[in-house]
Each structure stands twice: as C-alpha cells, then as structure tokens.
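Here's the structure we're looking at; comments come further down.
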Amino acid sequence: MKKIIIIVCMFMMTVSAFAHPEGPGVSNAKAMELAAHRVDRLVTLGKIEGSFLKQLEKIEIAIVQDQAPIYYKVRISQIPPGQGAPMQLDISFNEEGKALDFQVLSGGVGGPDAGWTGIDAVSLVENALHYILENSGDAKMIPFDKGISSITLSKEMLNGESVAHTQATSNLTSDKLNIYLKLNGSFISAEMTP
Amino acid sequence: MKYAWKFLILVVLGIGGCNYTNLKRAPGSENLQLNSEPLVPSYESINKRIFIAACKDCHNSGGSGKRVLLDKVSLLNSPLELVIPGNPDESGLVLSLERNDDKRMPPSKEGYAPLKEEEKAVIRKWIENGAMD
C-alpha cells in the first residue's frame, strides 16, 4: 500500500512539474486581449473613466520579474492631449491571465476625440487581437501571439474608406503586423511590414 | 370528408410546429412555457433552462462565442471572472446580461431579446449563494 501511495505521489509531482512546460498559461496576445476586456469591465463597474473605452490608442505589455504573483504588466494609453501626458492605466495579471490589480496613473490629461463611429476603440483593438489569437498556429503569427509587445490603433483611409488600422510590434521579430478593420470591427485584411 | 378536414388541420398544425422550432429563439421565453420544471438557482437548472436554450448556439467550442464557454468549470475559472461566487454585481456573466449597450448578451444586433428579469434574477441568486450547486 505504501508503495502505491509513493508511486501515485511521484506521478502527481511529475505531472505538476510539467504543468507549464512552455511558459505562462496565457500568451502575450491573450493577456493583452484580457486587458482589453478588463478595461471594459472597469468602465462598466464605474471604476475608471469611460474615456478609456473610446479614446484608447495603445496597449503595451511587459513580463515582469520577481514580483510574483504578478507576471504581466499591461499599460493602456489614451490618445495624447495637445500638451501634457496622456491618460494611462496599468493592469497587472498573473501568468494565467487573472487580473490582479489596476491603477490609473496620475497627471494624465484627456486627448482629442478619435471619433470612432462604429464600435469603441477597445473593441476594435480586441478584434485585432482575436485575429492574432485565431491564427496563432500560423508560423508567421507565432511571434505576435507569444511576443507581442504593443498594439496601436489609428484611423486611416483605405481604398477611399475610413478604417481602423492596428499595428502590432513584437519582441520576437522586427516585422510589424498591420490589421485593418471596418469601423464596425469586421476584418478587412492583414499584412506584415518590415 | 370530415376526416379529411381533421387531417388538413393536423398537417397545418404540424407545419406550424416545424416553423416554430426553426425560428431564432427569443432567449428564455418559450422554455419557461414548455418546460414544467421550475427555474431554480442551481447550475443544472440554469444550464438546462437558460444556457442551452438561449446561449449555447454560439457559446460552444466551435461557435462564434467559443472564447466564453458556459460549462460550470469555465464559468468559475475563466480569467474573465464570469462568475465570482458571492459577488453577482462584479461577475462578468451578470454584467453582460444586464448591460443596455450593444455588448449586451444575448446580442440584440443579431436579433436576440434580453433574458427575462426572472431569469437574470435566478442567475444572480445562484452566484450570490456561492455558485456551489
């Protein structure tokens, strides 16, 4: 009986040791997507200003060391004002993507209205991140799923149509991933640029 | 002739019934009438009476809502904090059902009606009770 218990314990220890053989439970892109969801949640709960939904311009992510249980820190920035610093929000996550804490940085000033007429800015970025996550099996997309470091949203003209352009950068490649969406959030196209 | 009329009526009712089942379901509403079991604040009841009827067309592993699955384990463990036991006010599931904008679930832009007040109240109660059952 004793032997059986020892064997079972050893098996369970082995299983838990290999629970995350490839790093964190969620990828950088997934953590970033969860951050976008978190912004929506915090606005819905009245914990941060609604401008973070409409005026979002950039999301950056970094893996932090020696601050367990914090694994990811995500910074959400609004469109910069004419003068001064933009409004910014930091959210920390554990390696499973669970939000742990948030903090609105002091001293930020609201910027100009981006004038998104379809869905809000956070949802546009979220849809772009969905494109990365849904194509994460593609070799060209892996550096952006695993190593995305920032994603920036801007409004541009494409074939005479006003569209949302997101540009993602990665720690794992110098290429940039450009994803174009209609203002209602539906996918138009994606391309890599050096 | 008398039987022919009866047959015709049955055929018409039958076709009507088929069309009824093909309609996009107004979430929750028919089920309350068709299912005699009371809706109670337990996962099993909520799943059977609300999720399967109103949500799982999309929220399944191959559907458009695959990122948000509604089995009990996913609800309790999702990093989206869909269910925070004891705290319905901050649970993502409740927030998505009760919001009034275009992110409400089930989605109005796809022709779905909101859940009924009593359905939302039962989900709230289940979470408030700790989401144990």
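Ordered as shown in the structure tokens, chains take letters A, B, and onward, while each chain numbers its residues from 1 and ligands are numbered from 1 in the order shown.
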Q) Once you count only C-alpha atoms, which residues of chain A turn out to be within 8 Å of chain B? Could you give them as a PyMOL selection string? A) chain A and resi 34+37-38+41+44-45+96-99
**Q.** Close residues, Pro81 of chain A itself excluded, 8 Å, only C-alpha atoms, min 4 positions apart in chain, as a PyMOL selection string
**A.** chain A and resi 85-86+109-112
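Computed from the coordinates, the atom CA of Ile63 of chain A to atom CA of Ile148 of chain A distance equals 10.9 Å.
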Q) Taking only C-alpha atoms into account, which of A:Gly118, A:Gly84, A:Gly46, A:Gly108 comes nearest Leu181 of chain A? A) A:Gly118
So which bits of segment 21-130 of chain B end up helix (DSSP H, G or I) when you DSSP the backbone, as an mmCIF file with C-alpha atoms, in the first residue's frame?
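Contents of result-v5.cif, as written:
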```
data_model
loop_
_atom_site.group_PDB
_atom_site.id
_atom_site.type_symbol
_atom_site.label_atom_id
_atom_site.label_comp_id
_atom_site.auth_asym_id
_atom_site.auth_seq_id
_atom_site.Cartn_x
_atom_site.Cartn_y
_atom_site.Cartn_z
ATOM 1 C CA THR B 21 -38.797 25.244 -33.963
ATOM 2 C CA ASN B 22 -36.818 26.804 -36.822
ATOM 3 C CA SER B 29 -39.153 32.894 -23.260
ATOM 4 C CA GLU B 30 -40.536 29.711 -24.820
ATOM 5 C CA ASN B 31 -38.682 27.477 -22.469
ATOM 6 C CA LEU B 32 -40.417 28.818 -19.428
ATOM 7 C CA GLN B 33 -43.713 27.834 -21.004
ATOM 8 C CA LEU B 34 -42.676 24.490 -22.480
ATOM 9 C CA TYR B 43 -26.218 25.449 -12.283
ATOM 10 C CA GLU B 44 -28.120 22.442 -13.611
ATOM 11 C CA SER B 45 -31.384 24.333 -13.776
ATOM 12 C CA ILE B 46 -29.835 27.482 -15.238
ATOM 13 C CA ASN B 47 -27.907 25.476 -17.800
ATOM 14 C CA LYS B 48 -30.941 23.491 -18.887
ATOM 15 C CA ARG B 49 -33.451 26.320 -18.878
ATOM 16 C CA ILE B 50 -31.331 29.274 -19.991
ATOM 17 C CA PHE B 51 -27.857 28.491 -21.327
ATOM 18 C CA ILE B 52 -28.768 25.582 -23.589
ATOM 19 C CA ALA B 53 -31.860 27.349 -24.844
ATOM 20 C CA ALA B 54 -30.520 30.847 -25.257
ATOM 21 C CA CYS B 55 -26.730 30.882 -25.302
ATOM 22 C CA LYS B 72 -19.592 25.303 -14.777
ATOM 23 C CA VAL B 73 -15.816 24.834 -14.666
ATOM 24 C CA SER B 74 -15.242 27.529 -17.298
ATOM 25 C CA LEU B 75 -17.623 29.941 -15.603
ATOM 26 C CA LEU B 76 -15.851 29.561 -12.291
ATOM 27 C CA ASN B 77 -12.285 29.543 -13.603
ATOM 28 C CA PRO B 88 -23.026 38.894 -8.679
ATOM 29 C CA ASP B 89 -22.509 42.651 -9.040
ATOM 30 C CA GLU B 90 -18.986 42.166 -10.394
ATOM 31 C CA GLY B 92 -18.943 39.135 -15.901
ATOM 32 C CA LEU B 93 -21.891 36.868 -16.647
ATOM 33 C CA VAL B 94 -24.325 39.144 -14.810
ATOM 34 C CA LEU B 95 -22.771 42.303 -16.214
ATOM 35 C CA SER B 96 -23.071 41.041 -19.781
ATOM 36 C CA LEU B 97 -26.712 40.065 -19.294
ATOM 37 C CA GLU B 98 -27.730 43.284 -17.552
ATOM 38 C CA SER B 108 -29.541 42.477 -29.779
ATOM 39 C CA LYS B 109 -27.782 43.183 -33.080
ATOM 40 C CA GLU B 110 -28.302 39.541 -34.009
ATOM 41 C CA GLU B 117 -35.977 39.607 -15.430
ATOM 42 C CA GLU B 118 -36.779 36.412 -13.528
ATOM 43 C CA GLU B 119 -34.080 34.534 -15.424
ATOM 44 C CA LYS B 120 -31.479 37.184 -14.632
ATOM 45 C CA ALA B 121 -32.613 37.181 -11.006
ATOM 46 C CA VAL B 122 -32.131 33.413 -10.720
ATOM 47 C CA ILE B 123 -28.598 33.667 -12.142
ATOM 48 C CA ARG B 124 -27.864 36.454 -9.668
ATOM 49 C CA LYS B 125 -29.225 34.355 -6.818
ATOM 50 C CA TRP B 126 -27.123 31.343 -7.822
ATOM 51 C CA ILE B 127 -23.954 33.457 -7.764
ATOM 52 C CA GLU B 128 -24.992 35.205 -4.577
#
```
Q: Work out how far atom CA of Pro107 of chain B is from atom CA of Lys58 of chain A, in Å to one decimal.
A: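 One can read the atom CA of Lys58 of chain A to atom CA of Pro107 of chain B distance as 27.3 Å.
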